[in-house]
Amino acid sequence: MQTQKEPSPEGKEELSIVNNGLNMKLHQAIIRHEGKIMPITCNLSALLPLKFQIVKGSILDPCWNKIINNFHYLGYKKIPGKRIKYLIYSRDNKLLSAIGWKAGSKMLLCRDRYIGWSPTCRDNSLNHIATNIRFLILPWVRVLNLASYILSHNIRILQKDWFKRYGDDLYFLETFIDPKRHKGSCYKAANWFSLGKTKGYSKIRGGYIYHGHPKEVFVYVIKKDFKELLGCTVPWEPCISKPRTKSKLEGMLPMLFQNMEINPKLINWDELLPQVYDEIADELLNFHSLFHPAFKRYEQIKSSTTYLKGLLSDVERKHVEGIALRFEGPDNVRGLQKFMTDSPWDDKFVGEVYRKELSGDISSLDGMFTIDSSENPKKGNESVGVSRQYCGNTGKIENCQSGVFLGYASSLGYGLVDTRLYLPEKWFSDEYREKRIKCRIPNEITFQTKHEIALELLKNAQKENLFKGKWVGVDGFFGSNSDFCDAIENMELLYFAGIRSNQLFWLEKPQMIPVQYQGRGRKPHEDTLKPDTSAQSAIQIASMETLKWKPVILADGAKGPIVAQFAALRVIRNNEGVPEKELWLILRKDEDGKIHYYVSNAPKSIGVDELIRVSTIRWTIEQCFEDGKKHLGMDHYEQRTWTAWNRHMLFVFLAIYFLLRLRIKYKKNSIEYIASNKKAGISNIT
């Protein structure tokens with residue numbers, strides 16, 4: 001089967017398949033979103049009849065997974081149990097859409113009341129219900145009424161395929177709509193209707209956890225007599241929650257969040273709606289309840305509440321003693337210390353829930369992972385990881401701790417994703433054996449460079465698959481290491497990396513010529529080659545008169561727009577005198593004349609505006625450090641152990657995220673929160 005490539009008038013390529021051909025190169029191009037894909041804008045009739053291709057068990061199965069993962073806001077997650085997935089093509093074999101179904105949800109209050117079945121009847125009859133788990137129209141397809149048409153026609157095909165595959169007749173379909181993102185218009189147009197909302201829980205670790213984002217439940221009745229077929233006769237009751245008696249814990253929790261004493265410098269309150277002042281305690285209570293399953297005792301919940309409140313408060317020194325004295329009194333200092341160092345609560349679970357919630361608010365296809373290290377000076381030598389090393393806080397070599405951090409930023413906001421404390425190599429020597437024991441460093445921890453730690457954090461995030469996007473932004477310390485950048489590229493990601501000004505490049509690939517013997521020293525091997533031209537440093541390239549600079553507004557400052565000049569060109573990387581791969585060299589000149597240098601492995605076809613956009617995102621991790629250290633006590637901790645360091649950083653992550661949630665919910669004149677700092681917006685000067 002042949003792939004058709006029809007050049008458009010603008011030189012773009014239409015992506016199509018012939019006879020439902022399973023051309024993997026073509027589908028991989030769509031998955032990677034390479035090049036410029038021709039938009040599909042036409043009348044619906046021009047695409048008919050549509051072709052529905054089942055992908056389960058075929059070569060297209062992994063393609064469906066990756067397309068959903070790349071273009072659907074929820075991404076792809078492995079679907080257990082019964083499931084059917086389709087790719088939908090036009091009559092001329094252009095890929096338009098992807099849709100997936102699985103067996104019905106086991107527990108769904110408003111649906112169960114509508115059907116009127118008993119728990120036993122439900123367990124025996126769920127095989128007659130299917131849930132629409134994903135529905136995606138590819139972003140370049142813009143055809144009026146296409147979504148509702150696909151839904152209507154897929155239902156007929158689904159009934160036959162479901163019976164053929166599983167031997168069950170379908171009577172009833174259901175799906176979940178996030179009201180923050182969608183109104184369910186295409187479902188309504190396809191004769192689906194709403195039953196109400198979920199209660200805001202999701203299944204996790206064999207149980208359920210409250211996430212606070214109820215979804216609207218839409219259903220479609222296939223068999224009008226489905227209740228009789230299922231043997232259900234109970235009349236439908238509207239989905240209204242019944243009052244229940246509060247537990248002792250629920251009654252005491254609101255008291256913990258009274259007298260918030262929140263630091264007024266944490267956020268620009270003038271940008272938020274006035275009701276935030278009255279509701280902030282309830283917001284923090286609801287936020288904190290997301291993590292309650294991690295704690296085994298009420299005392300742990302109380303201590304975690306105290307610590308989080310302390311970081312958000314105006315306490316001058318936000319360490320254990322300062323927080324305990326402000327909120328619990330001198331008798332509870334030891335108790336809070338024990339909570340941070342020894343108490344057996346599940347900090348791993350808290351991290352998992354945190355990343356899931358954060359990704360739900362800010363994950364976007366335009367997102368970027370950011371990597372950087374952050375150091376905190378320490379006077380003593382007993383704290384975990386302390387050593388004389390470069391300290392970013394002071395800009396010189398001194399006693400400090402250093403952590404490697406992974407952040408994430410998109411048009412929806414930014415935050416910190418994960419971290420790991422860097423342990424210098426000497427900490428794994430016999431001389432430091434007692435210190436390792438005192439600081440409770442786990443036995444499985446081995447020496448890793450900061451670059452290796454950063455790659456491990458990035459791989460873990462990719463494996464968890466919560467945050468979307470193809471970009472990784474790093475500073476000059478990480479970006480000047482070509483092996484590190486190559487490792488990112490091997491993960492099928494694009495890097496935007498700061499470099500040193502003396503890094504060498506060629507503007508064109510040089511010819512390699514034999515090395516001539518100079519008459520002294522060892523005679524070179526006859527196969528030894530060298531480039532015929534000298535490489536130039538980044539700073540030399542930036543001084544070329546032929547360079548074309550583009551002015552860009554980075555932000556609106558107090559004294560007017562903040563403008564920078566950008567230039568981008570293709571160069572050949574120099575690796576110890578040998579020409580290697582072709583890259584983008586991006587130059588940014590600030591108003592004071594200072595020039596910043598970056599490289600990227602982005603494809604040649606990428607637009608310069610996209611390179612400029614991502615250049616304004618990398619700074620967000622530095623903003624998190626600045627906010628964390630200036631307002632949230634990120635560098636105030638005085639605990640000495642491995643566990644306490646990680647738990648302190650986890651609470652700082654939670655505090656930063658809680659402030660983001662406030663901005664999202666209460667921000668004036670905005671439906672969406674677009675990065676709290678004005679640096680996030682850019683515009684070209686024409």
# chains A, B, ... in the order shown; residues from 1 in each chain; ligands from 1
call {"tool": "residues_around", "arguments": {"residues": "Cys186 in chain A", "least_positions_apart": "4", "cutoff": "9 Å", "atoms": "only C-alpha atoms", "output": "list of chain:residue names"}}
result
A:Asn145, A:Leu146, A:Ala147, A:Ser148, A:Tyr149, A:Leu151, A:Ala190, A:Asn191, A:Trp192
call {"tool": "write_last_selection", "arguments": {"atoms": "C-alpha atoms", "output": "compact mmCIF listing (two decimals), in the first residue's frame"}}
result
# COMPACT_ATOMS: atom_id res chain seq x y z
CA ASN A 145 -21.18 19.03 13.29
CA LEU A 146 -18.48 16.38 12.78
CA ALA A 147 -18.26 15.42 16.49
CA SER A 148 -22.01 14.77 16.95
CA TYR A 149 -22.12 12.88 13.63
CA LEU A 151 -20.96 9.94 18.08
CA ALA A 190 -26.24 13.41 19.41
CA ASN A 191 -29.24 12.96 21.80
CA TRP A 192 -27.30 12.28 24.97
call {"tool": "select_by_dssp", "arguments": {"residues": "range 428-635 of chain A", "states": "strand (DSSP E or B)", "output": "PyMOL selection string"}}
result
chain A and resi 471-474+494-498+504-506+512-514+529-531+536-537+550-557+560-575+578-589+595-600
call {"tool": "atom_distance", "arguments": {"atom1": "CA of Lys302 in chain A", "atom2": "CA of Ser383 in chain A"}}
result
26.6 Å
call {"tool": "residues_around", "arguments": {"residues": "Gly392 in chain A", "least_positions_apart": "4", "cutoff": "8 Å", "atoms": "only C-alpha atoms", "output": "mmCIF file with C-alpha atoms, in the first residue's frame"}}
result
data_model
loop_
_atom_site.group_PDB
_atom_site.id
_atom_site.type_symbol
_atom_site.label_atom_id
_atom_site.label_comp_id
_atom_site.auth_asym_id
_atom_site.auth_seq_id
_atom_site.Cartn_x
_atom_site.Cartn_y
_atom_site.Cartn_z
ATOM 1 C CA SER A 374 18.897 25.177 43.981
ATOM 2 C CA GLU A 375 21.362 25.571 46.833
ATOM 3 C CA LYS A 396 30.613 31.225 45.095
#
call {"tool": "closest_atom_pairs", "arguments": {"of": "range 69-156 of chain A", "to": "range 43-52 of chain A", "cutoff": "10 Å", "atoms": "only C-alpha atoms", "output": "Markdown table"}}
result
| residue | atom | partner | partner_atom | distance |
| --- | --- | --- | --- | --- |
| A:Lys85 | CA | A:Phe52 | CA | 9.6 |
| A:Tyr86 | CA | A:Phe52 | CA | 6.1 |
| A:Leu87 | CA | A:Phe52 | CA | 6.0 |
| A:Ile88 | CA | A:Phe52 | CA | 4.7 |
| A:Tyr89 | CA | A:Lys51 | CA | 5.0 |
| A:Ser90 | CA | A:Leu50 | CA | 4.8 |
| A:Arg91 | CA | A:Pro49 | CA | 5.4 |
| A:Asp92 | CA | A:Leu47 | CA | 7.4 |
| A:Asn93 | CA | A:Lys51 | CA | 7.9 |
| A:Lys94 | CA | A:Leu47 | CA | 8.8 |
| A:Leu95 | CA | A:Lys51 | CA | 9.5 |
| A:Leu96 | CA | A:Leu50 | CA | 9.3 |
| A:Ser97 | CA | A:Phe52 | CA | 9.5 |
| A:Ala98 | CA | A:Phe52 | CA | 9.3 |
| A:Ile99 | CA | A:Phe52 | CA | 9.7 |
| A:Arg142 | CA | A:Asn43 | CA | 9.4 |
| A:Val143 | CA | A:Leu44 | CA | 6.2 |
| A:Leu144 | CA | A:Leu44 | CA | 6.7 |
| A:Asn145 | CA | A:Leu44 | CA | 7.1 |
| A:Leu146 | CA | A:Leu44 | CA | 6.3 |
| A:Tyr149 | CA | A:Leu44 | CA | 8.9 |
| A:Ile150 | CA | A:Leu50 | CA | 8.2 |
| A:His153 | CA | A:Leu50 | CA | 9.0 |
| A:Asn154 | CA | A:Phe52 | CA | 7.7 |
call {"tool": "select_by_dssp", "arguments": {"residues": "range 466-633 of chain A", "states": "alpha helix (DSSP H)", "output": "PyMOL selection string"}}
result
chain A and resi 476-479+482-490+538-542+608-615+620-631
call {"tool": "write_last_selection", "arguments": {"atoms": "C-alpha atoms", "output": "mmCIF file, in the first residue's frame"}}
result
data_model
loop_
_atom_site.group_PDB
_atom_site.id
_atom_site.type_symbol
_atom_site.label_atom_id
_atom_site.label_comp_id
_atom_site.auth_asym_id
_atom_site.auth_seq_id
_atom_site.Cartn_x
_atom_site.Cartn_y
_atom_site.Cartn_z
ATOM 1 C CA GLY A 476 23.736 26.660 31.180
ATOM 2 C CA PHE A 477 25.043 24.197 33.794
ATOM 3 C CA PHE A 478 22.940 21.384 32.333
ATOM 4 C CA GLY A 479 22.722 22.665 28.733
ATOM 5 C CA SER A 482 26.158 17.643 25.236
ATOM 6 C CA ASP A 483 25.711 14.099 26.600
ATOM 7 C CA PHE A 484 22.896 15.361 28.837
ATOM 8 C CA CYS A 485 21.184 17.084 25.900
ATOM 9 C CA ASP A 486 21.572 13.973 23.750
ATOM 10 C CA ALA A 487 19.922 11.898 26.484
ATOM 11 C CA ILE A 488 16.907 14.235 26.408
ATOM 12 C CA GLU A 489 16.757 13.894 22.624
ATOM 13 C CA ASN A 490 16.863 10.096 22.969
ATOM 14 C CA ALA A 538 28.615 31.760 20.410
ATOM 15 C CA ILE A 539 29.759 35.238 21.450
ATOM 16 C CA GLN A 540 31.565 35.690 18.106
ATOM 17 C CA ILE A 541 28.454 34.643 16.194
ATOM 18 C CA ALA A 542 26.365 37.123 18.202
ATOM 19 C CA VAL A 608 11.141 31.146 15.278
ATOM 20 C CA ASP A 609 8.099 32.415 17.206
ATOM 21 C CA GLU A 610 7.832 29.014 18.893
ATOM 22 C CA LEU A 611 11.491 29.208 19.946
ATOM 23 C CA ILE A 612 10.859 32.670 21.367
ATOM 24 C CA ARG A 613 7.776 31.387 23.226
ATOM 25 C CA VAL A 614 9.621 28.545 24.955
ATOM 26 C CA SER A 615 12.497 30.873 25.841
ATOM 27 C CA THR A 620 9.370 29.723 35.728
ATOM 28 C CA ILE A 621 11.372 27.236 37.799
ATOM 29 C CA GLU A 622 13.558 30.110 38.985
ATOM 30 C CA GLN A 623 10.380 31.997 39.888
ATOM 31 C CA CYS A 624 9.304 29.011 42.006
ATOM 32 C CA PHE A 625 12.662 29.121 43.813
ATOM 33 C CA GLU A 626 12.357 32.871 44.364
ATOM 34 C CA ASP A 627 8.793 32.626 45.698
ATOM 35 C CA GLY A 628 9.639 29.566 47.791
ATOM 36 C CA LYS A 629 12.673 31.159 49.447
ATOM 37 C CA LYS A 630 11.281 34.665 49.794
ATOM 38 C CA HIS A 631 7.814 33.821 51.121
#
